[in-house]
Amino acid sequence: MEYYQMAAHTYGIITRMQGKTVDGIKKLAKDFQKRTEGMQMMPMTSKPDQAEKQARAFRQAVQDMLLPLQFGAKHKDRKLKLPHDYKYDDGKPHQAIQAGVIFENEGELNSSGSSDLVNQYARWMTSPDNPRFTKVVVNRIWKKIFGRGLVEPLNDWREDTEASIPELLDHLSGLLIRLDYDLREFQRVLLNLSIFENQAFDKELEALTPYYFQAPTLQRMTAEQLWDSILTLAVPDIDDRKHKEEVRFLQTKKENLEKYRLKVEGMSSDELFEIVKGGRKQIVEIQKDMNSINAQMKEAVEQDDRESLGRLKKAQNEMRDNQRWALATQIMGDEFNVFSMYKNYPPKRKRQLSDEEKRYPIYLRRASEQNSPANADHFLREFGQSDRDLIDNSRKDASIPQVLNLMNGGLRWKLIDKHSPLAKAVIQKERLEDKIITIYEAMMQRSPTEMEMELCMNSLPFPDLPNAAELKESHTPKQKEQILQKAKKQKEHYQNRVHNELRHLAWALLNTREFSFIQ
Amino acid sequence: MSTQSFFQSELNRRAYLSYAAKGFLGVSILPWATNFPATGAGLGLNRPVNYAPKAKNVIYLYMSGGMSHLDTFDPKTSEVRGPMEQVKTKTDGLVLAETLPLTANHSDKIAVIRGLTSTKGAHEQGNYFMHTSYDKRGTIVHPSMGSWVTRLDGRFNPTLPGAVVVGTGNQHPLSGFLSTQHQPLKVGAPGKGLSNCEHKGFDEKTFNRNLNLSKKLDHAFVQKYDLAKVRSYADMYEDAVRLMRSKDLDAFDLTQETQAVRDAYGRDNFGQGVLLARRLVEKQVRFVEVQLGGWDTHNNNYERVFERCDILDQALSALLDDLHKRGILEETLVVLATEFGRTPDYNVNEGRDHYPKAFSCMLAGGGIRGGQVWGATDEEGREVVDGITQIPDFNATIAYALGLPLDEIIFSPSRRPFTLADKGQPLTQLF
């Protein structure tokens, strides 16, 4: 019952603005149904099964025409009812349910219209008097910073849930309320706690024994942190890199949808009907082609001819697309970008890339600028980025693809190739030791110990320093010039060879646990 | 470390013994019979002593989101069918929905199980239960079947992972509380194979030198933080390097197949994943799971099931055909599973909702008798009326086909006892 009472708050919101539910289009659709039914009575072919197929294709096309008008949300006065098989004593099947909350905090909730209800719900949820809201927020931020929540798991709060240190949770909740939910300020306080400065806890945490937060727990970086850490070292001007094309596409999509909606709403149903009638011929034509393809496909299935099956499927998809937006094209004209209303990504096209673009393709941008979730084989997903199927679905456990990626993936050389910010910083340093220190500071946030420095120097075959140019009084100016030139070349050569070896050092550090874990 | 290497050698020994027995003597030894007294509710009681498990490896196709039983393997003629028609198969008494015409041609190879039932009506819990035979809890993660297989019976190919999962989301329990050595390898895009397996720009010597340097530079950290999550990366580095050097690495490379074969499985991620699974079990990877999502058909059930089945039907029929032609269907168990079925009644959005009370799964190969149906639901697919099968029973059947010890107790790190299918009893009559 409580579930239904809670759900009743938002039940009035309708996000699927299908023909049935939106007033204007509702009328249109009804009108259409009547008229198009009439059209189906006059088949364009004498074969009855063909006629049925054409009619179905046509109905589908009309639906597809209305499809772009579906997006959006509206409030509607409708009451949530209990399901037909409701079995508890506190209600009867099909009984309408008043909105209610699982614990009181802001006095009586009175329902008057969907938008009021939703606002009321939001107020109730985020009220400081709500006994859950603040604590849940606190617990999440605490976990973000210290690696373990005061309540675990994060998303399973029950009536008898108790924090591992209840006083701390209460205190922090009070603090967050006093800060009026300023999350930045709240985190500033937590980050300034002396226990946060302690090195990460070095013992195993057991699920059932309490932890008293002597220090943050040892955490592997999240997928996003790792990706960004590597990219900031590897890619120049990382913060200027945004995916403009996709953003532009979505912008266009939004604008076009709006234009389309205005245009359709501005048309009389007679006008629309004329267009639909005109489009009908085209749809039927496409349908004929589709039918022939379907027949070929059937044949291919029977003969188990899988090769042709693949080819036919592709053709079928293209036709289906054309059929889908045939009517919308009729309404908006050929100039209008219909594609954008039906698809979520810009069409792929080839163009000449600049050297810079080739070196740093646009996909090398911060995790927050990537599509989320990334493709299943992306670095981010390999390292456990959430697939967004469920809440809190990111992971941090080790896997083979992760280490393959760190050892052999595309980023390992990018990290310190000649153009990367890290490489530039390294090249600026003259002395080998300083170069090593620079790499250590950039990647490990500390200087190498003496032993580590020695290890680096001994394990990697650094070339010997070239001799300094020896200039004598007796040399002619030309000879001096030559000697200096030679020395300069030698030095360049030396620096290149050194840099080449340092790439191996960067590789070695990238593949340490120390790099991926936050101490 | 010492306990791990103990397990490893122990597993290899057992794997070798059973492998050798199968290979040389044509029989399978019963490893648990010698190592474990058959006491309690284990396998010992209802298992024919003379049954020699035929399955060596498993291809496990998971229909994520809840596959409608009524529109696939348990079609009805009553009103609940909606617009769905049936298709006859070669096998008397076995009809499938019209969504699976190609699979119908292979009905002599499959066993349809129509009496599955569960109480888990939400995806997360249902998916977890199907994969582990245990309820989802906050304090522990149970291992999935693939990890149990390598834990109890070892790897057959020491250089490839013992288990692989293709196209899964993040909620897969993987190796759960078992050591990360048993963790299934996740492959994101099967068409691209396993990326990053070559150290381009390094020769072998340099690679080894660098790896060595990396280890030394990491020494202090690894000593200080001697924690499971840190150690598991060391395991992964070992496994990854072994994999990189494996002569069987090209099992992951689908471009080695002809275009015709690749087309046969379907050019989508699922089809190519199933093809990859076949290549991997040929190289004796023990357990390959391939997932097909999108079965959560709350809206437009009819159209969407058709869409899904297009993909499933093509890949599944190609797989059965291919395994059969290659003569490895008998040693490869093909499983088709899902978390629950869907409501007999259509909802207002022309969809079907979650329905754990009755649903269907499928088995083929691996010693399973083809052309049979086990269990039945009533004429509306609401209740199981015959051969009721719990999810742990279904998982126990998979284990039985492989000859795994159902009563071998493995302790979690928190010292709690677990068995691979909890208390499930295998459907021995299917063999």
# chains A, B, ... in the order shown; residues from 1 in each chain; ligands from 1
>>> closest_atom_pairs(of="chain A", to="chain B", cutoff="7 Å", atoms="only C-alpha atoms", output="tab-separated table")
residue	atom	partner	partner_atom	distance
A:Pro153	CA	B:Gly138	CA	6.1
A:Asp202	CA	B:Tyr225	CA	5.2
A:Lys203	CA	B:Leu227	CA	6.8
A:Glu204	CA	B:Leu227	CA	5.8
A:Ala207	CA	B:Thr139	CA	6.1
A:Arg306	CA	B:Ala264	CA	4.8
A:Glu307	CA	B:Asp263	CA	5.5
A:Gly310	CA	B:Asp263	CA	6.3
A:Ala376	CA	B:Gly188	CA	4.5
A:Asp377	CA	B:Gly188	CA	4.3
A:Ser386	CA	B:Asn170	CA	6.5
A:Asp387	CA	B:Asn170	CA	5.9
A:Asn393	CA	B:Asn170	CA	6.2
A:Ser394	CA	B:Asn170	CA	6.9
A:Asp397	CA	B:Lys229	CA	7.0
A:Ala398	CA	B:Tyr233	CA	5.6
A:Ser399	CA	B:Met236	CA	6.1
A:Ile400	CA	B:Met236	CA	5.3
A:Val403	CA	B:Tyr237	CA	6.2
A:Leu404	CA	B:Asn196	CA	5.5
A:Asn405	CA	B:Asn196	CA	5.7
A:Asn408	CA	B:Asn196	CA	5.1
A:Gly409	CA	B:Asn196	CA	5.3
A:Glu452	CA	B:Leu217	CA	6.3
A:Ser459	CA	B:Leu213	CA	6.9
A:His504	CA	B:Asn210	CA	6.5
A:Ala508	CA	B:Ser214	CA	4.3
A:Leu509	CA	B:Ser214	CA	6.0
A:Asn511	CA	B:Ser214	CA	6.3
A:Thr512	CA	B:Asp218	CA	5.5
A:Arg513	CA	B:Asp218	CA	6.7
A:Glu514	CA	B:Phe221	CA	6.1
>>> select_by_dssp(residues="stretch 167-342 of chain B", states="alpha helix (DSSP H)", output="PyMOL selection string")
chain B and resi 204-217+219-224+228-244+259-265+269-282+301-325
>>> select_by_dssp(residues="stretch 28-207 of chain B", states="strand (DSSP E)", output="list in words")
Asn57, Val58, Ile59, Tyr60, Leu61, Tyr62, Met63, Gln86, Val87, Lys88, Val95, Leu96, Ala97, Ile110, Ala111, Val112, Ile113, Arg114, Gly115, Leu116, Thr117, Ala163, Val164, Val165, Val166, Leu185, Lys186 and Val187 of chain B
